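So the structure is just underneath, and the comments pick up after that.
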Amino acid sequence: MAVDAGVTGFRQIVYRRQDDSLLGGRGLGPIAASVSRDELTGWHEELREHVAVDADDRGAPVTSVALVHTGRGAAVIRREYVVEGNNARVLLDPGRDLGPHAALVLTQDPVWAREPALEDVPRGYGLAPLPPDFIADALDAHAELLRDRAREQAYLLEVAVAAVLRHPGRFFSFRQVDVGIDPVPMLWGLSDLLLWLVPVSFTFSTFETRDHSGKPRFVVLPRRPREPDPWAGRYRLVVGEEPKAGSDVHAHAAALLVSRYTDTDWAGIHHLLEGMRDLRRLPHDRAEERSREICTRLGRWTAKPVVAAARVARVSKAEEEEPAFPHTPRARGVETPAGPVAPTGPAQPVEPAE
């Protein structure tokens, strides 16, 4: 998956719990940055709701990651549990070069093996950006491993894909009891299968305790929030209560997609999905038409079996590029985009994993 960090790499901000942040104040705040004070002030206003997690919640994992779209651009946030709460590292992505796969791979601890621990990052504005090839190298090392783990969760993936096909304009909450303490494989599989097919902005968070309209499109909750009036745009998915396999055209389309995904090598399914990218142009109110067309096209497609050797597909930035929606979910609500632009550009060749 090609990502473009420019010449200087990915600028970042480190948040720690301390007595005096770069912007003043105690508690969780920015302590190191690759940007100027003025830029930091602007980014902090956009990020403050996303960098902190309820680390005291018994469902809180050791690390969690979020991909958010803000008024200043996108950001990838990796949050790490510490005794008194959490610290966080933020990768700034004003050009929205980083898609969900790039964000999800940052959940993997080995990716950060050569980077200093957040507790050891020096205070100040001299924080070096991450190298331009940092994420590309991480994808080379981990993409196919995460894809294999996604294939192992075929039933969960089928239910989730069907729900998104059925309600393409909604935001989604998953329960930790359904997706497990590590939802990354399920989210990876959703990204693999739906980026080409559904006109949504694929933001996510692997751990939240609230799911209001300001949160990303896909969130994982330890339990249902106790809100008297939940946001109508959010679909709280419960796996055991979803329509059964084959119960409607969306369930049938999801079953076919996941079957191809689990039985076919990535080069084959990627080529197939690329050929269906015109379906991404269909607005949300034509969801049944999209699912019927998926069934028709998959019904006449002959799969190639999964190959034994691990393969890593580098998806170009254009393949993960999403329609230019307003960045802030709170302002966007349940949108029906007018004429979203399908991804363009050829896929890069499949390369053997090192």
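Chain identifiers are assigned as A, B, and so on, following the order in which chains appear in the structure tokens; residues are numbered from 1 within each chain, and ligands are numbered from 1 in order of appearance.
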
* Asked: Where does DSSP see strand (DSSP E) in stretch 11-152 of chain A, if you list the residues as a ChimeraX atom specification?
  -> /A:12-18,27-33,63-70,73-82,85-93

* **Contacts of stretch 48-60 of chain A within 6 Å, only C-alpha atoms, excl. fewer than 2 positions in-chain, as an NGL selection string** => :A and (44-45 or 85 or 222)

What are the DSSP alpha helix (DSSP H) residues of stretch 186-291 of chain A, as a short mmCIF file (atom, residue, chain, number, x, y, z; two decimals) with N, CA, C and O atoms, in the first residue's frame?
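Ended up saving to out23.cif:
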```cif
data_model
loop_
_atom_site.label_atom_id
_atom_site.label_comp_id
_atom_site.auth_asym_id
_atom_site.auth_seq_id
_atom_site.Cartn_x
_atom_site.Cartn_y
_atom_site.Cartn_z
N MET A 186 -10.79 -7.87 12.19
CA MET A 186 -12.12 -7.62 11.62
C MET A 186 -12.14 -6.31 10.85
O MET A 186 -12.67 -6.23 9.74
N LEU A 187 -11.55 -5.26 11.42
CA LEU A 187 -11.51 -3.97 10.74
C LEU A 187 -10.65 -4.03 9.48
O LEU A 187 -10.96 -3.39 8.47
N TRP A 188 -9.59 -4.83 9.52
CA TRP A 188 -8.76 -5.01 8.33
C TRP A 188 -9.57 -5.66 7.21
O TRP A 188 -9.52 -5.22 6.05
N GLY A 189 -10.31 -6.71 7.55
CA GLY A 189 -11.13 -7.37 6.54
C GLY A 189 -12.20 -6.45 5.98
O GLY A 189 -12.47 -6.46 4.77
N LEU A 190 -12.84 -5.66 6.84
CA LEU A 190 -13.82 -4.68 6.36
C LEU A 190 -13.18 -3.72 5.37
O LEU A 190 -13.76 -3.39 4.33
N SER A 191 -11.98 -3.25 5.70
CA SER A 191 -11.28 -2.32 4.80
C SER A 191 -10.97 -2.99 3.47
O SER A 191 -11.17 -2.40 2.40
N ASP A 192 -10.47 -4.22 3.53
CA ASP A 192 -10.15 -4.94 2.30
C ASP A 192 -11.36 -5.04 1.37
O ASP A 192 -11.26 -4.83 0.16
N LEU A 193 -12.52 -5.35 1.94
CA LEU A 193 -13.68 -5.69 1.13
C LEU A 193 -14.55 -4.49 0.75
O LEU A 193 -15.19 -4.51 -0.31
N LEU A 194 -14.59 -3.46 1.58
CA LEU A 194 -15.59 -2.42 1.37
C LEU A 194 -15.06 -1.10 0.83
O LEU A 194 -15.85 -0.27 0.37
N VAL A 249 -30.76 -9.81 0.50
CA VAL A 249 -29.75 -9.70 -0.54
C VAL A 249 -28.41 -9.22 0.02
O VAL A 249 -27.34 -9.59 -0.48
N HIS A 250 -28.44 -8.42 1.09
CA HIS A 250 -27.20 -7.93 1.69
C HIS A 250 -26.43 -9.06 2.37
O HIS A 250 -25.20 -9.16 2.25
N ALA A 251 -27.16 -9.92 3.09
CA ALA A 251 -26.51 -11.07 3.72
C ALA A 251 -25.93 -12.01 2.67
O ALA A 251 -24.84 -12.57 2.85
N HIS A 252 -26.66 -12.18 1.57
CA HIS A 252 -26.16 -13.06 0.50
C HIS A 252 -24.91 -12.47 -0.14
O HIS A 252 -23.92 -13.18 -0.39
N ALA A 253 -24.92 -11.16 -0.40
CA ALA A 253 -23.75 -10.51 -0.99
C ALA A 253 -22.55 -10.61 -0.06
O ALA A 253 -21.42 -10.88 -0.49
N ALA A 254 -22.78 -10.40 1.25
CA ALA A 254 -21.69 -10.49 2.22
C ALA A 254 -21.12 -11.90 2.27
O ALA A 254 -19.90 -12.09 2.35
N ALA A 255 -22.00 -12.91 2.23
CA ALA A 255 -21.53 -14.29 2.26
C ALA A 255 -20.65 -14.60 1.05
O ALA A 255 -19.61 -15.26 1.17
N LEU A 256 -21.06 -14.12 -0.12
CA LEU A 256 -20.26 -14.35 -1.32
C LEU A 256 -18.91 -13.63 -1.23
O LEU A 256 -17.86 -14.19 -1.58
N LEU A 257 -18.93 -12.38 -0.77
CA LEU A 257 -17.68 -11.61 -0.66
C LEU A 257 -16.71 -12.29 0.30
O LEU A 257 -15.52 -12.46 -0.02
N VAL A 258 -17.19 -12.68 1.47
CA VAL A 258 -16.30 -13.28 2.46
C VAL A 258 -15.84 -14.66 2.02
O VAL A 258 -14.69 -15.05 2.26
N SER A 259 -16.70 -15.40 1.34
CA SER A 259 -16.29 -16.70 0.81
C SER A 259 -15.14 -16.54 -0.18
O SER A 259 -14.14 -17.28 -0.12
N ARG A 260 -15.26 -15.57 -1.09
CA ARG A 260 -14.17 -15.33 -2.03
C ARG A 260 -12.91 -14.86 -1.30
O ARG A 260 -11.79 -15.24 -1.64
N TYR A 261 -13.10 -14.04 -0.29
CA TYR A 261 -11.98 -13.48 0.47
C TYR A 261 -11.20 -14.57 1.19
O TYR A 261 -9.97 -14.53 1.26
N THR A 262 -11.91 -15.55 1.74
CA THR A 262 -11.23 -16.60 2.50
C THR A 262 -10.68 -17.71 1.62
O THR A 262 -9.74 -18.41 2.02
N ASP A 263 -11.24 -17.88 0.41
CA ASP A 263 -10.84 -19.00 -0.44
C ASP A 263 -9.90 -18.62 -1.58
O ASP A 263 -9.50 -19.49 -2.35
N TRP A 266 -4.95 -12.99 -2.32
CA TRP A 266 -5.27 -11.57 -2.30
C TRP A 266 -5.18 -10.95 -3.69
O TRP A 266 -5.96 -10.07 -4.04
N ALA A 267 -4.25 -11.42 -4.50
CA ALA A 267 -4.15 -10.87 -5.86
C ALA A 267 -5.46 -11.07 -6.62
O ALA A 267 -5.94 -10.18 -7.32
N GLY A 268 -6.07 -12.25 -6.45
CA GLY A 268 -7.30 -12.54 -7.15
C GLY A 268 -8.48 -11.72 -6.65
O GLY A 268 -9.22 -11.12 -7.44
N ILE A 269 -8.68 -11.68 -5.33
CA ILE A 269 -9.82 -10.94 -4.79
C ILE A 269 -9.63 -9.44 -4.99
O ILE A 269 -10.58 -8.70 -5.25
N HIS A 270 -8.38 -8.97 -4.92
CA HIS A 270 -8.12 -7.55 -5.14
C HIS A 270 -8.47 -7.16 -6.57
O HIS A 270 -9.09 -6.11 -6.81
N HIS A 271 -8.11 -8.00 -7.52
CA HIS A 271 -8.45 -7.74 -8.92
C HIS A 271 -9.97 -7.71 -9.11
O HIS A 271 -10.51 -6.87 -9.83
N LEU A 272 -10.65 -8.62 -8.44
CA LEU A 272 -12.11 -8.68 -8.54
C LEU A 272 -12.75 -7.41 -7.97
O LEU A 272 -13.63 -6.80 -8.59
N LEU A 273 -12.30 -6.99 -6.79
CA LEU A 273 -12.87 -5.80 -6.15
C LEU A 273 -12.59 -4.55 -6.98
O LEU A 273 -13.45 -3.66 -7.11
N GLU A 274 -11.39 -4.48 -7.53
CA GLU A 274 -11.05 -3.33 -8.38
C GLU A 274 -12.01 -3.24 -9.56
O GLU A 274 -12.41 -2.14 -9.97
N ALA A 287 -28.79 0.95 -1.94
CA ALA A 287 -28.01 -0.12 -1.31
C ALA A 287 -28.40 -1.50 -1.83
O ALA A 287 -27.54 -2.36 -2.05
N GLU A 288 -29.70 -1.74 -2.01
CA GLU A 288 -30.11 -3.05 -2.51
C GLU A 288 -29.60 -3.30 -3.92
O GLU A 288 -29.20 -4.42 -4.26
N GLU A 289 -29.60 -2.27 -4.73
CA GLU A 289 -29.07 -2.41 -6.09
C GLU A 289 -27.60 -2.79 -6.05
O GLU A 289 -27.13 -3.64 -6.82
N ARG A 290 -26.84 -2.17 -5.14
CA ARG A 290 -25.42 -2.49 -5.01
C ARG A 290 -25.24 -3.96 -4.63
O ARG A 290 -24.43 -4.68 -5.22
N SER A 291 -25.99 -4.41 -3.63
CA SER A 291 -25.83 -5.79 -3.17
C SER A 291 -26.28 -6.79 -4.23
O SER A 291 -25.65 -7.85 -4.40
#
```

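The smallest atom-to-atom distance between A:Gly240 and any of A:Arg280, A:Leu47, A:Leu156, A:Thr296, using only C-alpha atoms, is found for A:Leu156.
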
Write out as CSV the residues of stretch 91-209 of chain A that have any atom within 8 Å of an atom of stretch 11-28 of chain A, one row each with the nearest atom pair and its distance in Å to one decimal, counting only C-alpha atoms, sorted by chain and then rising number.
```
residue,atom,partner,partner_atom,distance
A:Leu91,CA,A:Gln12,CA,4.5
A:Leu92,CA,A:Arg11,CA,5.6
A:Asp93,CA,A:Arg11,CA,7.9
A:Leu118,CA,A:Val14,CA,7.0
A:Glu119,CA,A:Arg16,CA,7.5
A:Val121,CA,A:Val14,CA,7.8
A:Gly124,CA,A:Leu22,CA,7.1
A:Leu127,CA,A:Gln12,CA,7.5
A:Ala128,CA,A:Arg11,CA,7.3
A:Pro129,CA,A:Arg11,CA,4.4
A:Leu130,CA,A:Arg11,CA,6.5
```

* So, counting only C-alpha atoms, which residue among A:Thr70, A:Ser173, A:Asn86, A:Ser247 is closest to A:His212? ->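 Checking each of A:Thr70, A:Ser173, A:Asn86, A:Ser247 against A:His212, counting only C-alpha atoms, the winner is A:Ser173.
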
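Between atom CA of A:Arg114 and atom CA of A:Val219 the interatomic distance comes to 29.1 Å.
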
Counting only C-alpha atoms, which residues of stretch 198-234 of chain A fall within 9 Å of stretch 176-182 of chain A, and what is the closest atom pair for each with its distance in Å at one decimal, ordered by chain and rising number, as CSV?
```
residue,atom,partner,partner_atom,distance
A:Thr206,CA,A:Asp182,CA,7.7
A:Phe207,CA,A:Gln176,CA,8.6
A:Val220,CA,A:Gln176,CA,6.1
A:Leu221,CA,A:Gln176,CA,5.7
A:Pro222,CA,A:Gln176,CA,5.0
A:Arg223,CA,A:Gln176,CA,7.1
```

Expected file: the selected residues, all heavy atoms, as a PDB file, in the first residue's frame:
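Once written, again.pdb looks like this:
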```
ATOM      1  N   THR A 206     -10.368   1.559  17.784  1.00  0.00           N
ATOM      2  CA  THR A 206     -10.413   0.199  18.312  1.00  0.00           C
ATOM      3  C   THR A 206     -10.862   0.143  19.766  1.00  0.00           C
ATOM      4  O   THR A 206     -11.071  -0.946  20.298  1.00  0.00           O
ATOM      5  CB  THR A 206      -9.037  -0.485  18.185  1.00  0.00           C
ATOM      6  OG1 THR A 206      -8.064   0.261  18.934  1.00  0.00           O
ATOM      7  CG2 THR A 206      -8.608  -0.572  16.727  1.00  0.00           C
ATOM      8  N   PHE A 207     -11.036   1.314  20.410  1.00  0.00           N
ATOM      9  CA  PHE A 207     -11.592   1.324  21.766  1.00  0.00           C
ATOM     10  C   PHE A 207     -12.172   2.694  22.079  1.00  0.00           C
ATOM     11  O   PHE A 207     -11.488   3.711  21.971  1.00  0.00           O
ATOM     12  CB  PHE A 207     -10.535   0.986  22.822  1.00  0.00           C
ATOM     13  CG  PHE A 207     -11.083   1.002  24.230  1.00  0.00           C
ATOM     14  CD1 PHE A 207     -11.862  -0.044  24.692  1.00  0.00           C
ATOM     15  CD2 PHE A 207     -10.840   2.071  25.083  1.00  0.00           C
ATOM     16  CE1 PHE A 207     -12.389  -0.031  25.980  1.00  0.00           C
ATOM     17  CE2 PHE A 207     -11.359   2.093  26.370  1.00  0.00           C
ATOM     18  CZ  PHE A 207     -12.136   1.038  26.824  1.00  0.00           C
ATOM     19  N   VAL A 220     -15.333   0.430  18.648  1.00  0.00           N
ATOM     20  CA  VAL A 220     -15.508  -0.767  19.465  1.00  0.00           C
ATOM     21  C   VAL A 220     -15.716  -0.323  20.906  1.00  0.00           C
ATOM     22  O   VAL A 220     -14.932   0.464  21.445  1.00  0.00           O
ATOM     23  CB  VAL A 220     -14.287  -1.697  19.355  1.00  0.00           C
ATOM     24  CG1 VAL A 220     -14.461  -2.917  20.260  1.00  0.00           C
ATOM     25  CG2 VAL A 220     -14.082  -2.133  17.905  1.00  0.00           C
ATOM     26  N   LEU A 221     -16.786  -0.837  21.530  1.00  0.00           N
ATOM     27  CA  LEU A 221     -17.172  -0.445  22.882  1.00  0.00           C
ATOM     28  C   LEU A 221     -17.080  -1.643  23.826  1.00  0.00           C
ATOM     29  O   LEU A 221     -17.430  -2.764  23.435  1.00  0.00           O
ATOM     30  CB  LEU A 221     -18.615   0.066  22.898  1.00  0.00           C
ATOM     31  CG  LEU A 221     -18.985   1.203  21.948  1.00  0.00           C
ATOM     32  CD1 LEU A 221     -20.500   1.355  21.899  1.00  0.00           C
ATOM     33  CD2 LEU A 221     -18.340   2.501  22.403  1.00  0.00           C
ATOM     34  N   PRO A 222     -16.650  -1.430  25.072  1.00  0.00           N
ATOM     35  CA  PRO A 222     -16.679  -2.537  26.032  1.00  0.00           C
ATOM     36  C   PRO A 222     -18.101  -2.907  26.438  1.00  0.00           C
ATOM     37  O   PRO A 222     -18.374  -4.040  26.831  1.00  0.00           O
ATOM     38  CB  PRO A 222     -15.888  -1.986  27.225  1.00  0.00           C
ATOM     39  CG  PRO A 222     -16.030  -0.503  27.121  1.00  0.00           C
ATOM     40  CD  PRO A 222     -16.083  -0.204  25.653  1.00  0.00           C
ATOM     41  N   ARG A 223     -19.018  -1.940  26.335  1.00  0.00           N
ATOM     42  CA  ARG A 223     -20.429  -2.168  26.647  1.00  0.00           C
ATOM     43  C   ARG A 223     -21.231  -1.016  26.058  1.00  0.00           C
ATOM     44  O   ARG A 223     -20.665   0.013  25.689  1.00  0.00           O
ATOM     45  CB  ARG A 223     -20.660  -2.256  28.158  1.00  0.00           C
ATOM     46  CG  ARG A 223     -20.422  -0.958  28.897  1.00  0.00           C
ATOM     47  CD  ARG A 223     -20.305  -1.166  30.377  1.00  0.00           C
ATOM     48  NE  ARG A 223     -19.197  -2.070  30.666  1.00  0.00           N
ATOM     49  CZ  ARG A 223     -17.917  -1.671  30.712  1.00  0.00           C
ATOM     50  NH1 ARG A 223     -17.606  -0.407  30.475  1.00  0.00           N
ATOM     51  NH2 ARG A 223     -16.964  -2.519  30.973  1.00  0.00           N
TER      52      ARG A 223
END
```

* Hey, which of A:Ala88, A:Leu195, A:Ile77, A:Val164 ends up closest to A:Arg281? Count only C-alpha atoms. -> A:Leu195

* 9 Å contact set for A:Glu152, only C-alpha atoms, chain neighbours under 4 positions out, as JSON, numbers by chain -> {"A": [147, 148, 185, 262]}

* Asked: Do you know which residues are at most 7 Å from A:Leu197 counting only C-alpha atoms, after dropping those on the same chain fewer than 4 positions away, and could you put them as a count of residues only?
  -> 4

* For A:Leu67, work out the shell of residues within 8 Å, counting only C-alpha atoms and skipping chain neighbours fewer than 4 positions away, then give it as a list in words. => Ala74, Ala75, Val76, Ile77, Pro100, Ala103, Thr203, Phe204, Ser205 and Pro216 of chain A

* To do: Could you tell me how far atom CA of A:Leu145 lies from atom CA of A:Glu208, in Å and to one decimal?
  =>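 Taking atom CA of A:Leu145 as the start and atom CA of A:Glu208 as the end point, the length is 25.2 Å.
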
* **Separation of atom CA of A:Ala150 from atom CA of A:Ala102, in Å and rounded to one decimal** => 15.6 Å
